[in-house]
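Report on the structure given below.
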Amino acid sequence: MELYEAIQKRYSVRAYQDKPVEQGKLDRILEAARLAPSGGNRQPWKFVVVRDAQTRQKLASACNDQGFVATAPVVIGGVGVQPDRTMGCQVPGDPVDVAIAMEHIALAAAAEGLGTCWIGAFQQDQVRDLLGVPKTAKVIEVMTLGYPADKPRPKNRKPLGEIVCHEKFK
């Protein structure tokens, strides 16, 4: 699938088929994350891949009771391992770097015919405990992954003229 087609087809999947994700597809998707850019090429991340049904059920609870999380055959925790690092522009580094890698996952999944959903509504301490993440790191994102059982809704996006400024912020 061509990149722009993957961008167009990607949507937030909230219902998944009861079908496992093939290991080869998962490996290619995780390779896309590995190849993502990061500040100073630090690669300040770990990706915790969860397939266990009981753990996925507990993650759904820790994700503010979003039940669809448990129905995804794969849940990936994107973890920043340098949570105190700030980039030269005064922005925290881990959220930026992990978000770039997680979006690589989302687009690679779309290219593989799979769906994802970014989950930002979760209880940090609960998810950290479920994934075995040490207190020296921070879960930046939880992402579901699998074969969609729903259909994409029309994308409602602002026109470019509302979001793009040329030369100066307006």
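If you're wondering about the labels, chains in the structure tokens are A, B, ... by order shown, residues count from 1 in each chain, ligands from 1 in order shown.
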(message) I'd like the neighbourhood of range 127-131 of chain A as a PyMOL selection string, where a residue qualifies if any of its atoms comes within 7 Å (using only C-alpha atoms), though same-chain residues fewer than 3 positions away should be ignored.
(response) chain A and resi 48+59+62+123-124+139
Output file for the residues above (C-alpha atoms, as a PDB file, in the first residue's frame):
```
ATOM      1  CA  VAL A  48       5.479  -3.811  25.359  1.00  0.00           C
ATOM      2  CA  LEU A  59      -5.623  -3.091  30.467  1.00  0.00           C
ATOM      3  CA  ALA A  62      -6.935   0.532  33.412  1.00  0.00           C
ATOM      4  CA  GLN A 123      -4.327   5.243  34.563  1.00  0.00           C
ATOM      5  CA  GLN A 124      -0.529   5.575  34.430  1.00  0.00           C
ATOM      6  CA  VAL A 139       3.905   4.835  29.603  1.00  0.00           C
TER       7      VAL A 139
END
```
(message) DSSP on the backbone, strand (DSSP E or B) only: what residues of range 5-157 of chain A does that give? Format it as number ranges by chain.
(response) A: 12, 16, 45-50, 74-80, 86, 92, 115-119, 138-146, 148
Just-selected residues, C-alpha atoms written as a tab-separated table (two decimals), in the first residue's frame:
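What follows is the written file result.tsv:
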```tsv
chain	number	residue	atom	x	y	z
A	12	SER	CA	-9.41	4.82	15.14
A	16	TYR	CA	-11.87	-5.92	16.42
A	45	TRP	CA	11.59	3.78	24.03
A	46	LYS	CA	10.44	0.26	24.69
A	47	PHE	CA	7.32	-1.32	23.20
A	48	VAL	CA	5.48	-3.81	25.36
A	49	VAL	CA	3.44	-6.16	23.16
A	50	VAL	CA	0.54	-7.82	24.96
A	74	VAL	CA	-2.70	-7.11	20.41
A	75	VAL	CA	-2.19	-4.13	22.70
A	76	ILE	CA	1.09	-2.22	22.56
A	77	GLY	CA	2.36	-0.02	25.35
A	78	GLY	CA	4.70	2.70	24.12
A	79	VAL	CA	7.08	3.49	26.97
A	80	GLY	CA	9.45	6.42	27.28
A	86	THR	CA	13.77	17.92	27.72
A	92	PRO	CA	9.66	16.98	26.89
A	115	GLY	CA	-6.38	-1.22	12.43
A	116	THR	CA	-5.23	0.63	15.52
A	117	CYS	CA	-6.50	3.07	18.09
A	118	TRP	CA	-4.47	5.51	20.13
A	119	ILE	CA	-5.44	5.29	23.79
A	138	LYS	CA	6.62	6.36	31.76
A	139	VAL	CA	3.90	4.83	29.60
A	140	ILE	CA	3.31	7.44	26.91
A	141	GLU	CA	0.69	5.62	24.88
A	142	VAL	CA	-1.38	2.47	24.69
A	143	MET	CA	-2.37	1.29	21.22
A	144	THR	CA	-4.76	-1.45	20.18
A	145	LEU	CA	-3.97	-3.48	17.06
A	146	GLY	CA	-5.92	-6.03	15.05
A	148	PRO	CA	-11.15	-4.15	12.27
```
(request) Rank nothing, just name the residue among A:Arg56, A:Arg34, A:Lys9, A:Lys168 nearest to Ala101 in chain A, using only C-alpha atoms. (result) A:Arg34
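For the pair CA of Asp65 in chain A and CA of Asp52 in chain A, the separation is 17.6 Å.
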(message) One number please: CA of Arg153 in chain A to CA of Ala32 in chain A, in Å, one decimal.
(response) 25.9 Å
(request) Write out as a PyMOL selection string all residues of chain A that DSSP puts in helix (DSSP H, G or I) for this structure's backbone. (result) chain A and resi 3-9+23-34+39-41+53-62+68-71+93-111+124-131+160-163
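Compared by their closest atoms to Gly93 in chain A, and using only C-alpha atoms, the residues A:Gly67, A:Gly40, A:Pro152, A:Gly132 rank with A:Gly40 nearest.
The gap separating CA of Tyr4 in chain A from CA of Arg157 in chain A is 15.9 Å, in Å to one decimal.
The shell of residues at most 9 Å from Tyr147 in chain A, with only C-alpha atoms counted and near chain neighbours (fewer than 2 positions) removed, consists of Val13, Ala15, Tyr16, Gln17, Asp18, Lys19, Pro20, Val21, Ala72, Pro73, Gly113, Leu114, Gly115, Thr116, Leu145 and Ala149 of chain A.
Considering the residues A:Cys165, A:Leu107, A:Met87, A:Val133 and counting only C-alpha atoms, Ser38 in chain A has its shortest atom-to-atom contact with A:Met87.
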(message) Which residues are close to Ile29 in chain A, i.e. within 9 Å by only C-alpha atoms, leaving aside same-chain residues fewer than 4 positions away? Reply as a PyMOL selection string.
(response) chain A and resi 24-25+33-34+104-109+112
So that I have them on file, write out the residues from the current selection with C-alpha atoms, as a short mmCIF file (atom, residue, chain, number, x, y, z; two decimals), in the first residue's frame.
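Generated file (again-v6.cif):
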```
data_model
loop_
_atom_site.label_atom_id
_atom_site.label_comp_id
_atom_site.auth_asym_id
_atom_site.auth_seq_id
_atom_site.Cartn_x
_atom_site.Cartn_y
_atom_site.Cartn_z
CA GLY A 24 5.17 -11.70 10.26
CA LYS A 25 2.82 -8.72 10.08
CA ALA A 33 8.63 1.62 15.01
CA ARG A 34 12.29 0.67 15.35
CA HIS A 104 4.84 4.58 12.46
CA ILE A 105 3.07 1.58 14.03
CA ALA A 106 -0.36 2.97 13.11
CA LEU A 107 0.59 3.63 9.49
CA ALA A 108 2.41 0.30 9.08
CA ALA A 109 -0.65 -1.46 10.51
CA GLU A 112 -0.87 -4.41 6.49
#
```
